[in-house]
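**Student:** Starting off with a structure, shown below.
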Number of protein chains: 2
Amino acid sequence: MLKGNLFTTFYSKDDIELIHESVLRVFNEVGVKFEEEEALEIFRQHGAKVEGDIVYISEALLNKALATVPTSFELVGPEGNLEIGIGKGLVVAPTNGCPNLEDWGGVYRPTNSDDLENFYKIINTSDVYGISSMVAADIPGFENSPTESALAQMAMMAKYSKKPMYNILGITPHNYKRGSAKEGARACIQLIKRYMDNFDDYVCYSGMCVLPPLTVGYDAIEHYLAFAEEKQPITITTCSMTNMTAPPSLMGSIVADFANMLAVAVMIQLKAPGLPVILSPFSSISDMREVRLMTGAPEFMMIMLGHIAMGDYYQIPIRCSGALADGFTYDYQAGVESTLGALAVALSNACILPHASGDLSNFNLLSFPKFMMDEEMLRYMKRLHQGVAISEKKANIDLIKKVGPRGVYLKGRTPKDYREETYLTTPVFNRGTCTEQGREATPPIEERAKKVFDERIASFEMTDMTQKQKDILNEHLPKKYQIS
Amino acid sequence: MLKGNLFTTFYSKDDIELIHESVLRVFNEVGVKFEEEEALEIFRQHGAKVEGDIVYISEALLNKALATVPTSFELVGPEGNLEIGIGKGLVVAPTNGCPNLEDWGGVYRPTNSDDLENFYKIINTSDVYGISSMVAADIPGFENSPTESALAQMAMMAKYSKKPMYNILGITPHNYKRGSAKEGARACIQLIKRYMDNFDDYVCYSGMCVLPPLTVGYDAIEHYLAFAEEKQPITITTCSMTNMTAPPSLMGSIVADFANMLAVAVMIQLKAPGLPVILSPFSSISDMREVRLMTGAPEFMMIMLGHIAMGDYYQIPIRCSGALADGFTYDYQAGVESTLGALAVALSNACILPHASGDLSNFNLLSFPKFMMDEEMLRYMKRLHQGVAISEKKANIDLIKKVGPRGVYLKGRTPKDYREETYLTTPVFNRGTCTEQGREATPPIEERAKKVFDERIASFEMTDMTQKQKDILNEHLPKKYQIS
């Protein structure tokens with residue numbers, strides 16, 4: 001069990017108070033732009049000052065909304081449930097990726113629906129991930145859905161998911177032709193509800209991005225409102241860049257982003273009090289030489305910890321950070337940067353570590369090899385999250401006496417303390433002896449990761465579905481993926 | 001500036017008290033074995049209970065010794081001084097390595113004196129390292145010293161060092177033939193004093209290992225006493241393995257090791273009150289499948305943080321951890337494991353991060369490519385160590401108002417806040433755009449690191465020495481390395 005929170009290394013209590021006061025000043029002096037009439041009307045009805053599409057949130061209204069935010073909730077999956085929230089432990093979720101892939105053997109190509117199948121199999125045979133994430137959205141392979149591409153993608157996720165599901169699908173006129181963004185989002189949720197035959201619990205969890213600085217766009221609001229109407233948990237995401245869509249200082253970035261996300265949480269609580277909301281920042285510095293977001297940067301870790309500190313302050317669950325490296329491949333740099341991002345969550349009370357595997361080049365590249373390597377790094381994170389067992393017994397004083405100075409501890413059976421406290425790594429990582437023989441017996445990390453990947457894909461077994469469940473998914477799945 | 005210490009994430013105040021009480025119990029109920037008569041006599045003279053070669057240290061004697069331990073000191077180098085200690089900031093030191101090398105291009109071979117020259121050049125042209133470390137000891141190339149191999153190795157370090165020096169040379173009958181271990185160690189110190197023409201300050205800093213569990217061997221004691229007699233700072237190192245030379249639990253490992261190191265600190269303070277001592281643990285779990293120390297393990301980070309917490313409690317400076325990866329090469333695993341080890345020190349008030357670069361395979365392998373990659377990772381650590389600037393001004397509220405919702409921050413000159421708070425990485429790491437063109441323009445990390453290595457070697461300029469200084473070193477240097 002952890003005894004503290006990593007964010008206290010960077011933020012004092014006074015710092016957190018000052019960030020809070022700055023958020024209030026932004027709510028009061030700048031406001032947040034909501035580019036959709038229904039949202040503005042919700043705020044008006046609750047007495048907020050609304051000028052044009054700018055909403056000003058008073059401290060009283062903020063506190064009213066915060067009072068109904070649940071600190072945790074249960075997400076129900078096809079073969080198991082998951083508690084998510086403050087004090088509910090570390091939930092690790094794989095990436096919600098992107099249209100480009102680093103395949104095995106150094107090949108770069110577009111991600112397609114067959115890759116998605118493999119990712120789902122790896123995720124749903126893993127001891128690391130709590131959530132089955134839609135790893136990539138709107139990639140080739142779903143054009144031939146008998147209904148809509150959006151529904152086909154939801155059905156594909158459901159087909160391979162044993163764990164509770166998380167989707168990142170934004171509805172567009174391309175993936176849902178028969179109705180509005182809100183109607184499309186509701187249709188996606190309803191598909192999962194029918195597949196799960198569960199209309200009461202939280203079964204379809206999703207996220208959508210605001211438009212920094214301090215703006216919430218039309219489509220995102222429609223998405224948020226769809227989830228509020230369907231009574232499903234919603235994540236409010238942001239991804240700003242300092243000196244571009246955020247102020248130039250790290251503190252300014254935290255203040256502006258937190259206000260932006262929090263304003264949406266207020267709107268959702270006013271519309272559906274008690275609905276689970278999670279704030280999910282991925283903002284970082286921009287590297288002005290590349291004019292790009294840099295999520296592998298050390299500043300990213302510090303910005304993430306600022307948001308985690310604020311989530312702790314407001315007691316609102318935070319999902320943030322990730323193993324988000326900046327380079328093009330699973331090299332030393334990827335190891336460094338992924339570790340920093342993962343640690344921000346593993347050593348704090350944030351509730352979900354998303355984008356925990358496979359990410360490269362700032363959300364622009366997915367990687368099979370890195371996905372498998374990240375999974376092993378994440379086991380290190382889980383070991384760290386367990387912390388150090390401290391007790392009079394764990395001091396081993398009697399044993400220290402018995403063995404004495406210059407004695408040897410290794411005797412007979414492996415002691416319980418060793419077994420309880422020692423994590424022995426999988427073959428993806430190497431702890432061998434570096435002799436010539438040892439080197440010959442040890443293939444490079446990519447080969448070791450590929451072997452584990454192949455074994456896991458082979459080990460995957462489909463969920464046992466009723467004919468009705470199969471019919472519900474087959475209605476939308478392209479022929480190739482239909483379940484017999 | 002950091003606002004807290006990473007160790008509080010793992011250890012509560014009560015935990016630290018319990019470790020302290022356990023250390024006292026070990027001192028009282030088990031004792032520490034000192035395998036040298038002079039050391040035993042020091043303890044006897046100060047009223048400690050000594051039975052055979054087992055020393056029992058009372059709380060009163062411990063407190064007396066702790067009262068004279070300086071919390072910091074200044075180390076004087078050929079071209080600059082360095083403050084080391086609690087509250088003096090993060091000092092990064094490269095590895096004190098080993099006889100095997102991963103060279104550029106995937107070649108594994110024994111380390112030799114020419115490699116040492118290159119390492120010294122990289123270290124002494126770096127913005128990262130505060131200390132010029134003896135990177136490897138007793139490697140081929142010093143057999144032809146006109147005097148003694150030990151003195152030749154000291155002269156070699158001095159020849160290339162601009163920064164304050166740290167050596168790891170243990171005197172043996174092979175590297176110093178003309179006298180005892182203590183005489184050899186004193187001769188080494190005196191050589192540096194004469195070269196520096198400084199007989200008053202701290203100019204030659206060194207470390208030596210105890211013999212866990214709870215033992216201090218003869219040679220090590222001679223080494224410690226030599227430094228006490230020459231009034232030079234000394235590091236007390238340990239490197240135990242759980243369930244082998246340490247108890248099986250992490251807490252037991254911390255208790256036994258801390259007592260072992262602390263007992264030596266007490267001895268040194270009794271002999272030379274006020275002499276700087278630093279405790280330097282590198283202990284970790286053993287992987288019982290390999291029966292080897294595992295410093296890349298997540299448990300290593302937690303054990304290190306336990307020692308840092310105890311150093312903070314006793315107000316005794318700690319030098320520990322490092323970028324100590326377990327594998328054979330600079331791969332993803334090396335990035336992960338090096339980052340964990342480095343963070344333990346970078347996010348706490350330990351005073352030196354040693355073994356910060358080039359280490360692989362648990363102290364068994366040095367690597368040129370990893371050395372250069374670690375250096376860039378260490379710049380990330382330095383950025384993290386700076387922390388987040390928090391103030392009313394840094395909240396950027398006026399700018400947030402001016403830019404407004406949906407506005408753009410990028411305008412005109414790069415703002416001061418961005419320049420102050422944003423670290424832009426060197427070419428060793430890659431933040432480019434992953435297009436086909438971007439990939440073609442970006443060589444792999446090893447090539448990028450090699451380019452930086454070559455530039456740095458070429459940029460090295462020798463220290464401006466007097467003829468007397470040259471003579472002092474040339475007396476011991478093999479012909480090949482003599483200074484003209």
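Residue names in the structure tokens use chain letters A, B, ... in the order shown, residue numbers from 1 in each chain, and ligand numbers from 1 in the order shown.
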So which residues of region 213-262 of chain A fall under helix (DSSP H, G or I) by DSSP, listed as a ChimeraX atom specification?
**Tutor:** /A:218-229,250-262
**Student:** First superpose chain B onto chain A using a least-squares fit over all Cα atoms taken in order; then report the RMSD in Å.
**Tutor:**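 Rounded to one decimal, the C-alpha RMSD is 0.0 Å.
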**Student:** At a cut-off of 6 Å, which residues of chain A touch chain B? Count only C-alpha atoms and give the answer as JSON, numbers by chain.
**Tutor:** {"A": [2, 3, 4, 5, 6, 8, 9, 10, 11, 12, 30, 213, 214, 215, 243, 244, 245, 248, 249, 251, 252, 298, 326, 327, 330, 331, 332, 335, 336, 339, 380, 387, 395, 396, 401, 405, 406, 408, 409, 410, 417, 418, 430, 431]}
**Student:** Excluding region 204-209 of chain B and any residue of its chain fewer than 2 positions from it, enumerate the residues within 8 Å of it, using only C-alpha atoms, and give them as a list of chain:residue names.
**Tutor:**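 The contact residues come out as B:Leu75, B:Pro164, B:Met165, B:Tyr166, B:Asn167, B:Ile168, B:Leu169, B:Gly170, B:Ile189, B:Ile192, B:Lys193, B:Tyr202, B:Leu211, B:Ala220, B:His223, B:Tyr224, B:Gln232, B:Pro233, B:Ile234, B:Thr235, B:Ile236, B:Thr237, B:Thr238, B:Cys239.
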**Student:** CA of Phe73 (chain B) and CA of Lys88 (chain B), how far apart in Å?
**Tutor:** 9.2 Å
**Student:** If we count only C-alpha atoms, what is near Pro427 (chain B) at a cut-off of 8 Å, once residues fewer than 3 positions away on the same chain are taken out, given as a ChimeraX atom specification?
**Tutor:** /B:430,448-449,452
**Student:** Skip Ser357 (chain A) itself and residues of its chain fewer than 6 positions away, then list as a PyMOL selection string all residues within 10 Å of it, counting only C-alpha atoms.
**Tutor:** chain A and resi 92-97+129+135+322-325+338+342+366-378
**Student:** Could you save those same residues with N, CA and C atoms as a short mmCIF file (atom, residue, chain, number, x, y, z; two decimals), in the first residue's frame?
**Tutor:**
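The file below, result09.cif, is the result:
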```
data_model
loop_
_atom_site.label_atom_id
_atom_site.label_comp_id
_atom_site.auth_asym_id
_atom_site.auth_seq_id
_atom_site.Cartn_x
_atom_site.Cartn_y
_atom_site.Cartn_z
N VAL A 92 -5.36 -0.04 -15.00
CA VAL A 92 -4.52 0.22 -16.16
C VAL A 92 -5.31 -0.07 -17.43
N ALA A 93 -5.27 0.86 -18.37
CA ALA A 93 -5.98 0.69 -19.64
C ALA A 93 -5.01 0.89 -20.78
N PRO A 94 -5.13 0.07 -21.82
CA PRO A 94 -4.20 0.23 -22.95
C PRO A 94 -4.52 1.49 -23.73
N THR A 95 -3.83 1.68 -24.82
CA THR A 95 -3.98 2.92 -25.58
C THR A 95 -5.32 3.04 -26.27
N ASN A 96 -5.69 4.26 -26.59
CA ASN A 96 -6.76 4.52 -27.55
C ASN A 96 -6.08 5.21 -28.70
N GLY A 97 -5.74 4.41 -29.64
CA GLY A 97 -4.66 4.75 -30.54
C GLY A 97 -4.99 5.55 -31.74
N TYR A 129 -4.24 -5.22 -17.75
CA TYR A 129 -5.27 -4.23 -18.06
C TYR A 129 -6.59 -4.55 -17.38
N VAL A 135 -8.81 0.40 -29.33
CA VAL A 135 -7.41 0.80 -29.51
C VAL A 135 -7.22 1.79 -30.66
N GLY A 322 0.07 8.37 -19.22
CA GLY A 322 0.19 7.20 -20.06
C GLY A 322 1.64 6.94 -20.41
N ALA A 323 1.87 5.82 -21.10
CA ALA A 323 3.23 5.50 -21.55
C ALA A 323 3.41 6.13 -22.93
N LEU A 324 3.47 7.45 -22.92
CA LEU A 324 3.38 8.22 -24.16
C LEU A 324 4.74 8.75 -24.59
N ALA A 325 5.46 7.96 -25.35
CA ALA A 325 6.81 8.35 -25.75
C ALA A 325 6.78 9.15 -27.05
N SER A 338 8.11 6.48 -21.36
CA SER A 338 6.93 5.72 -20.96
C SER A 338 6.90 5.53 -19.45
N ALA A 342 3.91 6.76 -16.89
CA ALA A 342 3.19 5.74 -16.12
C ALA A 342 3.33 5.97 -14.62
N LEU A 366 1.00 3.76 -33.22
CA LEU A 366 0.80 2.59 -32.38
C LEU A 366 1.92 1.61 -32.70
N SER A 367 2.31 0.79 -31.73
CA SER A 367 3.40 -0.15 -31.99
C SER A 367 3.10 -1.48 -31.32
N PHE A 368 3.08 -2.55 -32.12
CA PHE A 368 2.93 -3.89 -31.51
C PHE A 368 4.10 -4.22 -30.58
N PRO A 369 5.36 -4.05 -31.04
CA PRO A 369 6.45 -4.40 -30.12
C PRO A 369 6.41 -3.58 -28.83
N LYS A 370 6.18 -2.27 -28.96
CA LYS A 370 6.15 -1.45 -27.74
C LYS A 370 4.98 -1.85 -26.85
N PHE A 371 3.88 -2.24 -27.45
CA PHE A 371 2.72 -2.67 -26.66
C PHE A 371 3.11 -3.80 -25.70
N MET A 372 3.87 -4.75 -26.21
CA MET A 372 4.25 -5.91 -25.38
C MET A 372 5.31 -5.52 -24.33
N MET A 373 6.20 -4.60 -24.71
CA MET A 373 7.23 -4.15 -23.75
C MET A 373 6.61 -3.29 -22.65
N ASP A 374 5.69 -2.41 -23.06
CA ASP A 374 5.00 -1.58 -22.07
C ASP A 374 4.27 -2.46 -21.05
N GLU A 375 3.69 -3.55 -21.52
CA GLU A 375 2.94 -4.42 -20.62
C GLU A 375 3.84 -4.90 -19.46
N GLU A 376 5.10 -5.20 -19.80
CA GLU A 376 6.01 -5.65 -18.74
C GLU A 376 6.41 -4.48 -17.84
N MET A 377 6.65 -3.31 -18.44
CA MET A 377 6.93 -2.11 -17.63
C MET A 377 5.77 -1.85 -16.66
N LEU A 378 4.55 -2.07 -17.14
CA LEU A 378 3.37 -1.82 -16.30
C LEU A 378 3.31 -2.79 -15.11
#
```
**Student:** Quick one: pick out all strand (DSSP E or B) residues within region 141-235 of chain A from a backbone DSSP run and write them as a tab-separated table (two decimals) with N, CA and C atoms, in the first residue's frame.
**Tutor:**
```tsv
chain	number	residue	atom	x	y	z
A	165	MET	N	-15.69	-2.30	-21.05
A	165	MET	CA	-15.27	-1.62	-22.27
A	165	MET	C	-15.18	-0.10	-22.16
A	166	TYR	N	-14.27	0.44	-22.93
A	166	TYR	CA	-14.11	1.89	-23.03
A	166	TYR	C	-13.96	2.24	-24.50
A	167	ASN	N	-14.78	3.15	-25.00
A	167	ASN	CA	-14.63	3.51	-26.42
A	167	ASN	C	-14.32	4.98	-26.59
A	202	TYR	N	-23.63	0.56	-15.29
A	202	TYR	CA	-22.70	1.24	-16.18
A	202	TYR	C	-22.00	0.19	-17.03
A	204	CYS	N	-21.11	1.02	-20.62
A	204	CYS	CA	-20.48	1.62	-21.80
A	204	CYS	C	-19.88	2.97	-21.43
A	205	TYR	N	-18.59	2.94	-21.28
A	205	TYR	CA	-17.87	4.10	-20.76
A	205	TYR	C	-17.09	4.72	-21.91
A	206	SER	N	-17.02	6.05	-21.94
A	206	SER	CA	-16.43	6.71	-23.10
A	206	SER	C	-15.78	8.03	-22.71
A	207	GLY	N	-15.07	8.62	-23.63
A	207	GLY	CA	-14.45	9.91	-23.39
A	207	GLY	C	-14.55	10.82	-24.60
A	208	MET	N	-14.48	12.10	-24.34
A	208	MET	CA	-14.51	13.06	-25.45
A	208	MET	C	-13.74	14.32	-25.04
A	209	CYS	N	-13.14	14.96	-26.04
A	209	CYS	CA	-12.18	16.04	-25.81
A	209	CYS	C	-12.81	17.43	-25.88
A	215	THR	N	-12.73	26.14	-24.13
A	215	THR	CA	-13.86	26.01	-25.05
A	215	THR	C	-14.33	24.55	-25.06
A	216	VAL	N	-15.65	24.37	-25.24
A	216	VAL	CA	-16.19	23.04	-25.44
A	216	VAL	C	-16.98	23.09	-26.75
A	234	ILE	N	-18.77	9.14	-18.09
A	234	ILE	CA	-18.14	9.91	-19.17
A	234	ILE	C	-16.84	10.54	-18.69
A	235	THR	N	-15.87	10.49	-19.58
A	235	THR	CA	-14.57	11.09	-19.32
A	235	THR	C	-14.45	12.37	-20.11
```
**Student:** Could you name the residues that touch Glu222 (chain B) at 10 Å or less, counting only C-alpha atoms, but leaving out those on the same chain fewer than 6 positions away, as a PyMOL selection string?
**Tutor:** chain B and resi 36+38-39+171+180-186+228
**Student:** How about saving the chosen residues, N, CA and C atoms kept, as an mmCIF file, in the first residue's frame?
**Tutor:**
```cif
data_model
loop_
_atom_site.group_PDB
_atom_site.id
_atom_site.type_symbol
_atom_site.label_atom_id
_atom_site.label_comp_id
_atom_site.auth_asym_id
_atom_site.auth_seq_id
_atom_site.Cartn_x
_atom_site.Cartn_y
_atom_site.Cartn_z
ATOM 1 N N GLU B 36 38.831 -6.180 12.249
ATOM 2 C CA GLU B 36 40.124 -5.479 12.305
ATOM 3 C C GLU B 36 40.309 -4.918 13.713
ATOM 4 N N GLU B 38 42.156 -2.411 15.088
ATOM 5 C CA GLU B 38 42.139 -0.975 15.377
ATOM 6 C C GLU B 38 40.707 -0.452 15.525
ATOM 7 N N ALA B 39 39.835 -0.972 14.668
ATOM 8 C CA ALA B 39 38.431 -0.571 14.737
ATOM 9 C C ALA B 39 37.821 -0.995 16.070
ATOM 10 N N ILE B 171 42.719 -1.087 -2.633
ATOM 11 C CA ILE B 171 44.134 -1.487 -2.721
ATOM 12 C C ILE B 171 44.247 -3.005 -2.534
ATOM 13 N N SER B 180 50.977 -1.995 2.774
ATOM 14 C CA SER B 180 49.669 -2.522 3.172
ATOM 15 C C SER B 180 48.543 -1.798 2.447
ATOM 16 N N ALA B 181 47.316 -2.297 2.640
ATOM 17 C CA ALA B 181 46.132 -1.671 2.040
ATOM 18 C C ALA B 181 46.001 -0.238 2.528
ATOM 19 N N LYS B 182 46.259 -0.039 3.834
ATOM 20 C CA LYS B 182 46.124 1.317 4.367
ATOM 21 C C LYS B 182 47.195 2.243 3.797
ATOM 22 N N GLU B 183 48.419 1.741 3.714
ATOM 23 C CA GLU B 183 49.505 2.551 3.150
ATOM 24 C C GLU B 183 49.229 2.890 1.682
ATOM 25 N N GLY B 184 48.710 1.921 0.938
ATOM 26 C CA GLY B 184 48.386 2.145 -0.478
ATOM 27 C C GLY B 184 47.317 3.213 -0.634
ATOM 28 N N ALA B 185 46.273 3.115 0.192
ATOM 29 C CA ALA B 185 45.185 4.094 0.114
ATOM 30 C C ALA B 185 45.717 5.482 0.457
ATOM 31 N N ARG B 186 46.579 5.567 1.482
ATOM 32 C CA ARG B 186 47.136 6.875 1.858
ATOM 33 C C ARG B 186 48.035 7.429 0.750
ATOM 34 N N ALA B 228 40.266 8.461 7.023
ATOM 35 C CA ALA B 228 40.111 9.209 8.282
ATOM 36 C C ALA B 228 41.436 9.863 8.663
#
```
**Student:** Just to confirm, what's the straight-line distance from CA of Lys163 (chain B) to CA of Phe142 (chain B) in Å (one decimal)?
**Tutor:**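 Between these atoms lies a distance of 22.5 Å.
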**Student:** Measuring between only C-alpha atoms, which one of A:Asp359, A:Glu102, A:Glu440, A:Asp53 shows the shortest distance to Tyr218 (chain A)?
**Tutor:**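 Looking at the shortest contact to Tyr218 (chain A), the residue is A:Asp53.
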**Student:** Go through region 92-165 of chain A and flag each residue having an atom no more than 7 Å from region 465-477 of chain A; for those, report the closest pair of atoms plus their distance in Å to one decimal, using only C-alpha atoms, ordered by chain and rising number, as JSON lines.
**Tutor:**
```
{"residue": "A:Ser145", "atom": "CA", "partner": "A:Leu477", "partner_atom": "CA", "distance": 5.5}
{"residue": "A:Pro146", "atom": "CA", "partner": "A:His476", "partner_atom": "CA", "distance": 5.5}
{"residue": "A:Thr147", "atom": "CA", "partner": "A:His476", "partner_atom": "CA", "distance": 5.4}
{"residue": "A:Glu148", "atom": "CA", "partner": "A:His476", "partner_atom": "CA", "distance": 6.9}
{"residue": "A:Leu151", "atom": "CA", "partner": "A:His476", "partner_atom": "CA", "distance": 6.0}
{"residue": "A:Ala152", "atom": "CA", "partner": "A:His476", "partner_atom": "CA", "distance": 4.7}
{"residue": "A:Ala155", "atom": "CA", "partner": "A:Leu473", "partner_atom": "CA", "distance": 5.1}
{"residue": "A:Met156", "atom": "CA", "partner": "A:Leu477", "partner_atom": "CA", "distance": 6.8}
```
